[in-house]
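This is query-v9.txt (compact mmCIF, C-alpha atoms and all ligand atoms).
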# COMPACT_ATOMS: atom_id res chain seq x y z
CA MET A 31 0.00 0.00 0.00
CA ALA A 32 1.37 3.43 -0.90
CA SER A 33 2.33 5.64 2.03
CA GLN A 34 -0.32 8.03 3.32
CA ARG A 35 2.05 10.69 4.59
CA GLN A 36 4.07 13.00 2.42
CA ILE A 37 7.31 14.77 3.23
CA HIS A 38 9.39 17.17 1.17
CA VAL A 39 13.11 16.88 0.58
CA GLY A 40 13.73 20.37 -0.73
CA PRO A 41 11.08 20.76 -3.43
CA VAL A 42 10.80 17.00 -4.03
CA ALA A 43 7.65 15.40 -2.59
CA ILE A 44 8.12 11.91 -1.17
CA GLY A 45 5.16 9.65 -0.46
CA GLY A 46 1.47 10.43 -0.25
CA GLY A 47 0.97 9.57 -3.91
CA ALA A 48 3.93 11.58 -5.27
CA PRO A 49 5.90 10.00 -8.13
CA VAL A 50 8.53 7.55 -6.88
CA ALA A 51 11.66 9.66 -6.38
CA VAL A 52 15.02 8.51 -7.73
CA GLN A 53 18.03 9.03 -5.55
CA THR A 54 21.64 8.01 -5.51
CA MET A 55 24.72 8.65 -3.43
CA THR A 56 27.98 10.26 -4.46
CA LYS A 57 31.03 8.03 -4.31
CA THR A 58 33.53 10.84 -3.87
CA GLU A 59 35.15 12.15 -0.73
CA THR A 60 32.56 14.79 0.10
CA ALA A 61 35.20 17.33 1.13
CA ASN A 62 36.64 17.12 -2.40
CA LEU A 63 34.31 19.80 -3.64
CA ALA A 64 35.24 19.67 -7.33
CA ALA A 65 34.88 15.89 -7.59
CA THR A 66 31.67 15.81 -5.56
CA MET A 67 30.03 18.61 -7.53
CA ASP A 68 31.09 16.98 -10.79
CA GLN A 69 29.37 13.76 -9.74
CA ILE A 70 26.26 15.56 -8.50
CA VAL A 71 25.88 17.31 -11.85
CA LYS A 72 26.28 13.96 -13.64
CA VAL A 73 23.63 12.22 -11.53
CA ALA A 74 21.26 15.17 -11.87
CA ASP A 75 21.70 15.04 -15.65
CA ALA A 76 20.98 11.30 -15.54
CA GLY A 77 17.69 12.04 -13.75
CA ALA A 78 18.37 11.80 -10.01
CA ASP A 79 15.73 13.73 -8.07
CA ILE A 80 17.80 13.73 -4.88
CA VAL A 81 21.44 13.04 -4.04
CA ARG A 82 22.96 11.80 -0.79
CA VAL A 83 26.49 12.55 0.33
CA ALA A 84 28.46 10.84 3.11
CA VAL A 85 29.40 13.16 5.97
CA PRO A 86 31.81 11.24 8.20
CA ARG A 87 34.18 14.13 9.14
CA GLU A 88 34.29 17.82 10.02
CA GLN A 89 35.76 18.76 6.62
CA ASP A 90 32.83 17.02 4.91
CA VAL A 91 30.23 19.00 6.83
CA GLU A 92 32.16 22.18 5.97
CA ALA A 93 32.02 21.27 2.26
CA LEU A 94 28.33 20.43 2.62
CA ARG A 95 27.34 24.10 2.95
CA THR A 96 28.79 24.88 -0.49
CA ILE A 97 27.46 21.66 -2.00
CA VAL A 98 23.91 22.48 -0.88
CA GLU A 99 24.20 25.96 -2.42
CA ARG A 100 25.54 24.71 -5.74
CA SER A 101 23.67 21.44 -6.19
CA PRO A 102 20.91 21.45 -8.80
CA ILE A 103 19.01 18.82 -6.76
CA PRO A 104 18.28 18.47 -3.03
CA VAL A 105 21.06 17.03 -0.89
CA ILE A 106 20.74 14.49 1.92
CA ALA A 107 23.56 14.27 4.47
CA ASP A 108 24.35 10.69 5.42
CA ILE A 109 25.49 10.51 9.04
CA HIS A 110 26.50 7.58 11.20
CA PHE A 111 27.68 7.47 14.85
CA ASN A 112 28.10 11.21 15.36
CA HIS A 113 25.06 13.25 16.28
CA THR A 114 27.10 16.46 16.33
CA LEU A 115 27.72 16.04 12.61
CA ALA A 116 23.98 15.54 12.11
CA LEU A 117 23.32 18.85 13.91
CA LYS A 118 25.98 20.61 11.84
CA ALA A 119 24.60 19.12 8.62
CA ILE A 120 21.18 20.60 9.40
CA GLU A 121 22.83 23.94 10.11
CA ALA A 122 24.76 23.66 6.84
CA GLY A 123 21.45 23.58 4.99
CA ALA A 124 21.09 19.87 4.15
CA HIS A 125 17.64 19.25 2.70
CA CYS A 126 17.35 16.01 4.69
CA VAL A 127 19.55 14.09 7.10
CA ARG A 128 19.84 10.34 7.18
CA ILE A 129 20.52 8.85 10.60
CA ASN A 130 20.33 5.39 12.03
CA PRO A 131 18.90 6.03 15.52
CA GLY A 132 20.47 2.75 16.66
CA ASN A 133 24.03 3.99 16.18
CA ILE A 134 23.85 7.72 16.81
CA GLY A 135 24.46 7.58 20.56
CA GLY A 136 21.14 6.86 22.29
CA PRO A 137 17.64 8.39 22.50
CA GLU A 138 18.88 11.71 23.97
CA LYS A 139 21.16 12.32 20.99
CA VAL A 140 18.34 11.38 18.61
CA ALA A 141 16.08 13.85 20.46
CA GLU A 142 18.65 16.63 19.94
CA VAL A 143 18.78 15.97 16.21
CA VAL A 144 15.00 15.78 15.99
CA ALA A 145 14.62 19.07 17.90
CA LEU A 146 16.87 20.93 15.46
CA ALA A 147 15.30 19.21 12.43
CA ARG A 148 11.88 20.34 13.66
CA GLU A 149 13.08 23.89 14.27
CA ARG A 150 14.56 24.12 10.75
CA GLY A 151 11.78 22.17 9.00
CA VAL A 152 14.25 19.55 7.81
CA PRO A 153 13.02 15.98 7.27
CA LEU A 154 14.95 12.95 8.47
CA ARG A 155 15.43 9.57 6.96
CA VAL A 156 15.50 7.08 9.80
CA GLY A 157 16.27 3.51 9.20
CA VAL A 158 17.65 0.22 10.21
CA ASN A 159 20.17 -1.99 8.55
CA SER A 160 20.31 -5.78 8.74
CA GLY A 161 24.00 -5.45 9.56
CA SER A 162 23.52 -3.24 12.62
CA LEU A 163 20.31 -4.19 14.42
CA PRO A 164 20.05 -3.33 18.13
CA ARG A 165 21.54 -5.90 20.53
CA HIS A 166 18.15 -6.99 21.97
CA LEU A 167 17.03 -8.09 18.48
CA ARG A 168 20.07 -10.25 17.67
CA GLN A 169 18.39 -13.55 18.62
CA LEU A 170 15.24 -12.60 16.72
CA GLU A 171 17.41 -11.69 13.74
CA TYR A 172 18.85 -15.19 13.85
CA ASP A 173 15.39 -16.82 14.18
CA ASN A 174 13.40 -14.53 11.91
CA PRO A 175 15.38 -11.79 10.12
CA VAL A 176 12.29 -10.21 8.58
CA GLU A 177 10.54 -9.83 11.91
CA ALA A 178 13.74 -8.47 13.43
CA LEU A 179 14.05 -5.81 10.71
CA VAL A 180 10.41 -4.77 10.98
CA THR A 181 10.57 -4.70 14.79
CA ALA A 182 13.66 -2.48 14.67
CA ALA A 183 11.97 -0.16 12.17
CA LEU A 184 8.80 0.02 14.29
CA GLU A 185 10.87 0.85 17.36
CA THR A 186 12.49 3.68 15.42
CA VAL A 187 9.08 4.94 14.28
CA ALA A 188 7.82 4.76 17.89
CA LEU A 189 10.85 6.80 19.02
CA MET A 190 10.09 9.50 16.42
CA GLU A 191 6.43 9.58 17.40
CA SER A 192 7.33 9.79 21.11
CA LEU A 193 9.27 12.94 20.18
CA ASP A 194 6.17 14.20 18.39
CA PHE A 195 8.06 14.23 15.09
CA GLU A 196 6.47 13.01 11.86
CA ASN A 197 8.59 14.65 9.20
CA PHE A 198 10.50 11.50 8.28
CA LYS A 199 10.73 8.56 5.94
CA VAL A 200 11.78 5.07 6.89
CA SER A 201 14.20 2.61 5.35
CA MET A 202 15.01 -1.01 6.12
CA LYS A 203 18.10 -2.25 4.38
CA SER A 204 19.05 -5.85 3.83
CA THR A 205 21.36 -7.58 1.38
CA SER A 206 18.70 -10.25 0.97
CA VAL A 207 16.13 -9.66 -1.76
CA PRO A 208 13.40 -11.88 -0.19
CA ASN A 209 13.92 -10.18 3.20
CA THR A 210 13.77 -6.74 1.58
CA ILE A 211 10.47 -7.63 -0.09
CA ALA A 212 8.90 -9.30 2.95
CA SER A 213 9.96 -6.66 5.48
CA ASN A 214 8.83 -3.69 3.39
CA ARG A 215 5.49 -5.32 2.63
CA LEU A 216 4.94 -5.80 6.36
CA LEU A 217 6.09 -2.32 7.34
CA ALA A 218 3.94 -0.69 4.64
CA GLU A 219 0.88 -2.24 6.29
CA LYS A 220 1.86 -0.94 9.72
CA VAL A 221 3.04 2.66 9.23
CA PRO A 222 1.75 5.60 7.18
CA TYR A 223 5.19 7.12 6.58
CA PRO A 224 7.01 7.17 3.22
CA LEU A 225 9.36 4.26 2.60
CA HIS A 226 12.80 4.45 1.06
CA LEU A 227 13.64 1.24 -0.82
CA GLY A 228 16.97 -0.29 -1.61
CA VAL A 229 18.79 -3.59 -1.62
CA THR A 230 21.96 -2.78 0.23
CA GLU A 231 25.36 -3.81 -1.18
CA ALA A 232 23.52 -5.28 -4.16
CA GLY A 233 26.72 -5.96 -6.12
CA THR A 234 28.11 -5.19 -9.53
CA LYS A 235 26.28 -3.32 -12.24
CA TRP A 236 25.01 -6.59 -13.67
CA SER A 237 24.06 -8.61 -10.58
CA GLY A 238 23.16 -5.56 -8.51
CA SER A 239 20.81 -4.25 -11.17
CA LEU A 240 19.07 -7.60 -11.37
CA LYS A 241 18.72 -7.96 -7.61
CA SER A 242 17.39 -4.43 -7.34
CA ALA A 243 15.00 -4.91 -10.24
CA VAL A 244 13.56 -8.04 -8.65
CA GLY A 245 13.42 -6.69 -5.10
CA LEU A 246 12.37 -3.12 -5.72
CA GLY A 247 10.32 -3.97 -8.79
CA THR A 248 8.23 -6.46 -6.83
CA LEU A 249 7.53 -3.91 -4.10
CA LEU A 250 6.87 -1.03 -6.47
CA ALA A 251 4.49 -3.19 -8.50
CA ASP A 252 2.56 -3.73 -5.25
CA GLY A 253 2.49 0.03 -4.68
CA VAL A 254 5.05 -0.13 -1.86
CA GLY A 255 7.90 2.38 -1.85
CA ASP A 256 8.16 6.13 -2.34
CA THR A 257 11.81 6.67 -3.16
CA ILE A 258 14.47 4.28 -4.43
CA ARG A 259 18.21 3.98 -4.56
CA ILE A 260 20.04 1.32 -6.54
CA SER A 261 23.30 0.41 -4.80
CA LEU A 262 25.91 -0.69 -7.30
CA SER A 263 29.62 -1.35 -6.94
CA THR A 264 30.67 1.27 -9.44
CA PHE A 265 32.29 4.65 -9.04
CA HIS A 266 29.85 6.04 -11.60
CA ALA A 267 26.81 6.98 -9.51
CA GLU A 268 24.91 7.96 -12.66
CA GLU A 269 24.76 4.24 -13.54
CA GLU A 270 22.63 3.71 -10.42
CA VAL A 271 20.28 6.43 -11.59
CA LYS A 272 19.94 4.90 -15.05
CA VAL A 273 19.03 1.52 -13.54
CA ALA A 274 16.49 3.14 -11.21
CA TRP A 275 14.83 4.79 -14.19
CA GLU A 276 14.71 1.58 -16.18
CA ILE A 277 12.86 -0.07 -13.27
CA LEU A 278 10.38 2.80 -13.02
CA LYS A 279 9.91 2.93 -16.79
CA ALA A 280 9.42 -0.84 -17.02
CA LEU A 281 6.63 -0.58 -14.44
CA LYS A 282 5.23 2.49 -16.20
CA LEU A 283 5.48 4.37 -12.92
CA ARG A 284 7.38 7.27 -14.46
CA GLU A 285 8.45 8.34 -17.91
CA ARG A 286 11.84 9.71 -18.76
CA GLY A 287 13.47 9.71 -22.13
CA PRO A 288 13.10 7.14 -24.89
CA VAL A 289 12.21 3.51 -24.41
CA LEU A 290 14.32 1.11 -26.47
CA ILE A 291 12.83 -2.22 -27.48
CA ALA A 292 15.18 -4.76 -29.03
CA CYS A 293 14.65 -8.38 -29.97
CA PRO A 294 16.95 -10.93 -28.29
CA THR A 295 18.25 -12.07 -31.73
CA CYS A 296 18.45 -15.67 -32.85
CA GLY A 297 19.79 -17.78 -35.70
CA ARG A 298 17.84 -15.71 -38.23
CA LEU A 299 19.94 -12.62 -37.60
CA GLN A 300 22.09 -11.57 -40.55
CA PHE A 301 23.68 -8.33 -39.43
CA ASP A 302 25.65 -6.94 -36.48
CA MET A 303 22.69 -6.13 -34.29
CA ASP A 304 24.76 -5.79 -31.09
CA SER A 305 26.53 -2.74 -32.49
CA VAL A 306 23.34 -1.33 -33.99
CA VAL A 307 21.42 -1.57 -30.70
CA ALA A 308 24.33 -0.07 -28.74
CA GLU A 309 24.56 2.82 -31.21
CA VAL A 310 20.79 3.43 -31.14
CA GLU A 311 20.84 3.40 -27.33
CA ARG A 312 23.76 5.82 -27.25
CA ARG A 313 22.14 8.28 -29.66
CA LEU A 314 18.78 8.09 -27.90
CA GLU A 315 20.40 9.52 -24.78
CA ALA A 316 20.25 12.91 -26.50
CA TYR A 317 16.42 12.82 -26.55
CA GLU A 318 14.21 13.65 -23.59
CA ASP A 319 10.83 12.67 -25.01
CA PRO A 320 9.52 9.20 -24.00
CA ILE A 321 9.59 8.07 -27.63
CA GLU A 322 9.54 4.28 -28.18
CA VAL A 323 12.13 2.91 -30.60
CA SER A 324 12.34 -0.71 -31.65
CA VAL A 325 15.11 -2.74 -33.23
CA LEU A 326 14.18 -6.10 -34.76
CA GLY A 327 16.84 -8.49 -36.00
CA CYS A 328 14.76 -9.70 -38.92
CA ALA A 329 11.33 -9.42 -40.45
CA VAL A 330 10.26 -13.00 -39.81
CA ASN A 331 7.17 -11.81 -37.99
CA GLY A 332 6.79 -8.76 -40.14
CA ILE A 333 6.92 -5.69 -37.94
CA GLY A 334 3.75 -6.47 -36.05
CA GLU A 335 5.59 -7.14 -32.79
CA ALA A 336 6.81 -3.57 -32.83
CA ARG A 337 3.63 -1.93 -34.03
CA HIS A 338 3.39 0.20 -30.89
CA ALA A 339 6.88 1.64 -31.42
CA ASP A 340 7.02 5.24 -32.61
CA PHE A 341 9.96 4.30 -34.81
CA GLY A 342 11.92 1.18 -35.51
CA ILE A 343 14.30 -0.64 -37.76
CA THR A 344 14.51 -4.19 -38.93
CA GLY A 345 17.56 -5.44 -40.72
CA ALA A 346 18.67 -8.17 -43.04
CA LYS A 347 21.97 -8.94 -44.73
CA ASP A 348 22.30 -5.97 -47.09
CA MET A 349 19.06 -4.07 -46.76
CA GLY A 350 16.85 -3.06 -43.85
CA MET A 351 13.73 -1.06 -43.26
CA ILE A 352 12.57 1.86 -41.13
CA TYR A 353 9.01 1.84 -39.87
CA SER A 354 6.72 3.87 -37.67
CA LYS A 355 3.72 2.56 -35.70
CA GLY A 356 3.84 -0.72 -37.62
CA GLU A 357 3.87 0.98 -41.06
CA PRO A 358 6.93 0.83 -43.36
CA LEU A 359 8.59 4.19 -44.08
CA LYS A 360 11.50 3.26 -46.32
CA LYS A 361 14.11 0.61 -47.05
CA VAL A 362 17.77 1.52 -46.67
CA PRO A 363 21.11 -0.26 -46.92
CA THR A 364 21.88 -1.99 -43.61
CA GLU A 365 24.96 0.15 -42.87
CA GLN A 366 22.81 3.32 -43.09
CA LEU A 367 19.97 2.04 -40.91
CA VAL A 368 20.93 3.92 -37.76
CA ASP A 369 21.67 7.23 -39.50
CA GLU A 370 18.43 7.07 -41.47
CA LEU A 371 16.44 6.10 -38.37
CA PHE A 372 17.62 9.22 -36.58
CA LYS A 373 16.96 11.37 -39.65
CA GLU A 374 13.34 10.17 -39.53
CA ILE A 375 13.12 10.80 -35.79
CA ASP A 376 14.50 14.32 -36.23
CA ARG A 377 12.09 15.01 -39.13
CA TYR A 378 9.26 13.87 -36.86
CA TYR A 379 10.20 16.38 -34.17
CA ALA A 380 10.88 19.15 -36.71
CA ALA A 381 7.34 18.63 -38.03
CA GLY A 382 5.78 18.98 -34.56
CA LYS A 383 5.71 15.26 -33.80
CA THR A 384 4.18 14.23 -37.10
CA VAL A 385 5.55 11.25 -38.99
CA GLN A 386 6.80 12.34 -42.43
CA ARG A 387 5.77 9.65 -44.93
CA ASP A 388 6.92 9.45 -48.57
CA GLU A 389 4.39 7.14 -50.24
CA LEU A 390 6.78 5.94 -52.95
CA ALA A 391 9.50 5.03 -50.43
CA ALA A 392 6.89 3.40 -48.19
CA ALA A 393 5.61 1.27 -51.07
CA GLU A 394 9.16 0.07 -51.84
CA ALA A 395 9.66 -0.78 -48.18
CA ARG A 396 6.37 -2.70 -48.08
CA GLU A 397 7.51 -4.73 -51.06
CA TRP A 398 10.84 -5.46 -49.39
CA LEU A 399 9.01 -6.50 -46.23
CA ALA A 400 6.72 -8.88 -48.13
CA GLU A 401 9.79 -10.53 -49.68
CA ASN A 402 11.54 -10.89 -46.34
CA GLU A 403 8.90 -11.78 -43.80
CA ASP A 404 8.09 -15.41 -43.12
CA ALA A 405 5.14 -16.62 -45.17
CA THR A 406 3.54 -18.19 -42.08
CA ALA A 407 3.98 -15.14 -39.84
CA MET A 408 0.75 -13.78 -38.37
CA THR A 409 1.24 -10.13 -39.29
CA PRO A 410 -1.36 -7.48 -38.47
CA GLU A 411 -2.35 -7.42 -42.16
CA LYS A 412 -2.91 -11.18 -42.21
CA LEU A 413 -4.80 -11.06 -38.93
CA ALA A 414 -7.04 -8.36 -40.35
CA ALA A 415 -7.66 -10.47 -43.49
CA LEU A 416 -8.43 -13.47 -41.31
CA GLU A 417 -10.86 -11.54 -39.15
CA ALA A 418 -12.59 -10.09 -42.19
CA ALA A 419 -12.94 -13.54 -43.73
CA ALA A 420 -14.21 -14.97 -40.45
CA ALA A 421 -16.85 -12.26 -40.30
CA ARG A 422 -18.04 -13.31 -43.74
CA ASN A 423 -17.88 -17.06 -43.48
CA ASP A 424 -16.20 -19.59 -41.21
CA SER A 425 -15.14 -21.90 -44.05
CA GLU A 426 -13.63 -18.98 -45.92
CA ALA A 427 -11.64 -18.15 -42.79
CA ASP A 428 -10.43 -21.73 -42.60
CA ALA A 429 -9.28 -21.47 -46.21
CA VAL A 430 -7.35 -18.25 -45.46
CA LEU A 431 -5.70 -19.88 -42.47
CA GLU A 432 -4.83 -23.02 -44.43
CA SER A 433 -3.27 -20.99 -47.23
CA MET A 434 -1.10 -19.20 -44.67
CA LEU A 435 0.06 -22.42 -43.10
CA ALA A 436 0.53 -24.35 -46.35
CA PRO A 437 4.26 -23.58 -46.82
CA ALA A 438 5.09 -24.77 -43.32
CA ALA A 439 7.19 -27.89 -42.94
CA ALA A 440 5.66 -31.08 -41.56
CA PRO A 441 5.18 -30.89 -37.79
CA VAL A 442 8.36 -31.65 -35.89
CA ALA A 443 8.09 -34.54 -33.45
CA LEU A 444 9.09 -33.17 -30.06
CA ASP A 445 11.07 -35.50 -27.89
CA GLU A 446 10.89 -34.54 -24.24
CA ALA A 447 13.77 -36.82 -23.37
CA VAL A 448 16.26 -34.75 -25.39
CA SER A 449 15.03 -31.42 -24.11
CA PRO A 450 17.65 -29.43 -22.20
CA VAL A 451 15.06 -29.15 -19.44
CA ALA A 452 13.96 -32.75 -19.75
CA GLY A 453 10.69 -33.49 -18.03
CA ARG A 454 9.68 -29.87 -17.71
CA ARG A 455 9.62 -28.44 -21.17
CA PHE A 456 6.30 -29.73 -22.37
CA SER A 457 4.36 -30.15 -19.18
CA ARG A 458 3.78 -27.98 -16.19
CA ASN A 459 2.35 -29.53 -13.05
S1 LIG B 501 13.11 -10.57 -34.66
FE1 LIG B 501 14.15 -12.11 -35.96
S2 LIG B 501 16.28 -12.12 -35.24
FE2 LIG B 501 15.06 -11.13 -33.65
S3 LIG B 501 14.57 -12.83 -32.27
FE3 LIG B 501 12.83 -12.57 -33.65
S4 LIG B 501 13.24 -14.06 -35.29
FE4 LIG B 501 15.20 -13.77 -34.19
Can you turn what I pasted into structure tokens?
Ligand code: SF4
Amino acid sequence: MASQRQIHVGPVAIGGGAPVAVQTMTKTETANLAATMDQIVKVADAGADIVRVAVPREQDVEALRTIVERSPIPVIADIHFNHTLALKAIEAGAHCVRINPGNIGGPEKVAEVVALARERGVPLRVGVNSGSLPRHLRQLEYDNPVEALVTAALETVALMESLDFENFKVSMKSTSVPNTIASNRLLAEKVPYPLHLGVTEAGTKWSGSLKSAVGLGTLLADGVGDTIRISLSTFHAEEEVKVAWEILKALKLRERGPVLIACPTCGRLQFDMDSVVAEVERRLEAYEDPIEVSVLGCAVNGIGEARHADFGITGAKDMGMIYSKGEPLKKVPTEQLVDELFKEIDRYYAAGKTVQRDELAAAEAREWLAENEDATAMTPEKLAALEAAAARNDSEADAVLESMLAPAAAPVALDEAVSPVAGRRFSRN
């Protein structure tokens, strides 16, 4: 269930139905102003709504004042162990301070931080981490790690409420994806406050992205979670932001920039699609509109699978085709596919988002497509013909279907015993 309460980190609303906010954390020494600002600008360009910086030392909190002034997005100060630094971070103008009440020096120190946060109208992120649960929950953590995490989070929430403070969001961090999902689902049912989601120490760009997509994606699809951070072992914080956006875009929770659709390729591929997809992805980064662009490795299924795409290309050995919304635009030599695709996209924007269609070129492309698509493929055109025939007469429809299937080879006898997933491929119990 989505959080009922809403807080504001600078101008960014978190929770209470606001769009899921993307955040990341700089990987630089915060006191290194040039490096930190450089990374903040990069993550902001990549689409971060909020950035967090580590503040472990006096020199970091000194740099924080300048960072807050210069940053194009709100800044959260990340503090552990030292409540004095938390107080100084609030005074330095941090838009939010992240503390772990369990390691900041006891309830009195938490109360001091809360008092100043209240006075300055600064929200807090309070949270618990599976690696540093309070001592009295250690046995429970061993017996039931999810319950231990949720109990620790609820104790933190109770502490905030006992201080009459509600301007906070909560996070529960675990390296375990199932525990992240289970604990956040439980906590979302019990508290009205915004939740910050993340799988902590998720791993490399590849494995960490997958873990985060599964863990956070599952929760977000349930409506749980108000802000997310993808933790990846890379110095390039903007990569975390890109992954966060792909998760949000995949769930259609937010739109940002183009959506690239690409087939997985198979033995029918006759051109260097890897390079083509990489080049299309790279060039699409220059566009902000949520345009959908598709790359198909061949025209075996016609272009029906990509009929929702605003633009797309399908290639073959020497010649390929550019299409828009399932309709051919023109055929072009394979090595010019990417250049011509972007010419069409640019013409579309120059004409106020209207597809520019040359009927002669489109007719040539249609002809090329008919020569290259598989005769048995169920293209939109064939489906339409089939439906029209069915509306007239069932036997006529059967004849249309038979004529489509006629060129197909004799049915292949499937042998379950030789399947790479023997025993499971053809039956599901
Ligand atoms: S579009 Fe063609 S190349 Fe791509 S996966 Fe499908 S059949 Fe294979």
Exercise. Counting all atoms listed in the file, name the residues that have an atom within 7 Å of an atom of ligand LIG 501 (chain B); the answer should be given as a list in words.
Key: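 Selection of residues at most 7 Å from ligand LIG 501 (chain B): Cys293, Pro294, Thr295, Cys296, Gly297, Arg298, Leu299, Leu326, Gly327, Cys328, Ala329, Val330 and Asn331 of chain A.
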Self-check item: Long-range neighbours of Val200 in chain A as a VMD selection string, 8 Å cut-off, all atoms listed in the file, 5 positions minimum in chain
Solution: chain A and resid 155 to 157 183 187 223 to 226
Please produce a file of those selected residues containing C-alpha atoms, as a short mmCIF file (atom, residue, chain, number, x, y, z; two decimals), in the coordinates of the input.
data_model
loop_
_atom_site.label_atom_id
_atom_site.label_comp_id
_atom_site.auth_asym_id
_atom_site.auth_seq_id
_atom_site.Cartn_x
_atom_site.Cartn_y
_atom_site.Cartn_z
CA ARG A 155 15.43 9.57 6.96
CA VAL A 156 15.50 7.08 9.80
CA GLY A 157 16.27 3.51 9.20
CA ALA A 183 11.97 -0.16 12.17
CA VAL A 187 9.08 4.94 14.28
CA TYR A 223 5.19 7.12 6.58
CA PRO A 224 7.01 7.17 3.22
CA LEU A 225 9.36 4.26 2.60
CA HIS A 226 12.80 4.45 1.06
#
Quiz item: Looking at all atoms listed in the file, which of A:Ile260, A:Asp252, A:Ser213, A:Glu142 is the one that sits closest to Val229 in chain A?
Solution: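 Selected residue with least distance to Val229 in chain A: A:Ile260.
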Quiz item: Using all atoms listed in the file, which of the listed residues (A:Leu189, A:Val73, A:Leu63, A:Ile321) sits closest to Gln89 in chain A?
Solution: A:Leu63
Quiz prompt | Coordinates-based distance that separates CA of Arg168 in chain A from CA of Ala116 in chain A (Å, one decimal) | solution = 26.7 Å
Self-check item: 12 Å contact set for Arg165 in chain A, only C-alpha atoms, chain neighbours under 3 positions out, as a PyMOL selection string
Solution: chain A and resi 132-133+160-162+168-172+178+182
Exercise. Using only C-alpha atoms, pick whichever of A:Asn214, A:Thr60, A:Ser204, A:Thr186 has the shortest atom-to-atom distance to Ala107 in chain A.
Key: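 Selected residue with least distance to Ala107 in chain A: A:Thr60.
For the pair CA of Gly350 in chain A and CA of Val323 in chain A, the interatomic distance is 15.3 Å.
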Exercise. Fewer than 4 positions away in the same chain doesn't count, so skip those; otherwise give me all residues within 12 Å of Lys282 in chain A, counting all atoms listed in the file, as number ranges by chain.
Key: A: 49-50, 247, 250-251, 275-278, 286, 289, 320
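The two atoms in question, CA of Asp90 in chain A and CA of Asp68 in chain A, are spaced 15.8 Å apart.
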Extract range 313-336 of chain A from the coordinates I pasted, and write it as a PDB file, in the first residue's frame (atoms kept: C-alpha atoms).
ATOM      1  CA  ARG A 313      22.141   8.279 -29.663  1.00  0.00           C
ATOM      2  CA  LEU A 314      18.779   8.092 -27.903  1.00  0.00           C
ATOM      3  CA  GLU A 315      20.403   9.518 -24.778  1.00  0.00           C
ATOM      4  CA  ALA A 316      20.252  12.914 -26.496  1.00  0.00           C
ATOM      5  CA  TYR A 317      16.419  12.816 -26.549  1.00  0.00           C
ATOM      6  CA  GLU A 318      14.208  13.649 -23.588  1.00  0.00           C
ATOM      7  CA  ASP A 319      10.832  12.674 -25.010  1.00  0.00           C
ATOM      8  CA  PRO A 320       9.518   9.202 -24.005  1.00  0.00           C
ATOM      9  CA  ILE A 321       9.594   8.070 -27.633  1.00  0.00           C
ATOM     10  CA  GLU A 322       9.538   4.277 -28.181  1.00  0.00           C
ATOM     11  CA  VAL A 323      12.132   2.906 -30.604  1.00  0.00           C
ATOM     12  CA  SER A 324      12.336  -0.706 -31.653  1.00  0.00           C
ATOM     13  CA  VAL A 325      15.114  -2.743 -33.231  1.00  0.00           C
ATOM     14  CA  LEU A 326      14.181  -6.105 -34.765  1.00  0.00           C
ATOM     15  CA  GLY A 327      16.839  -8.487 -36.001  1.00  0.00           C
ATOM     16  CA  CYS A 328      14.761  -9.698 -38.922  1.00  0.00           C
ATOM     17  CA  ALA A 329      11.327  -9.417 -40.450  1.00  0.00           C
ATOM     18  CA  VAL A 330      10.258 -13.004 -39.811  1.00  0.00           C
ATOM     19  CA  ASN A 331       7.171 -11.809 -37.995  1.00  0.00           C
ATOM     20  CA  GLY A 332       6.787  -8.764 -40.139  1.00  0.00           C
ATOM     21  CA  ILE A 333       6.924  -5.695 -37.936  1.00  0.00           C
ATOM     22  CA  GLY A 334       3.746  -6.467 -36.049  1.00  0.00           C
ATOM     23  CA  GLU A 335       5.592  -7.145 -32.790  1.00  0.00           C
ATOM     24  CA  ALA A 336       6.806  -3.568 -32.828  1.00  0.00           C
TER      25      ALA A 336
END
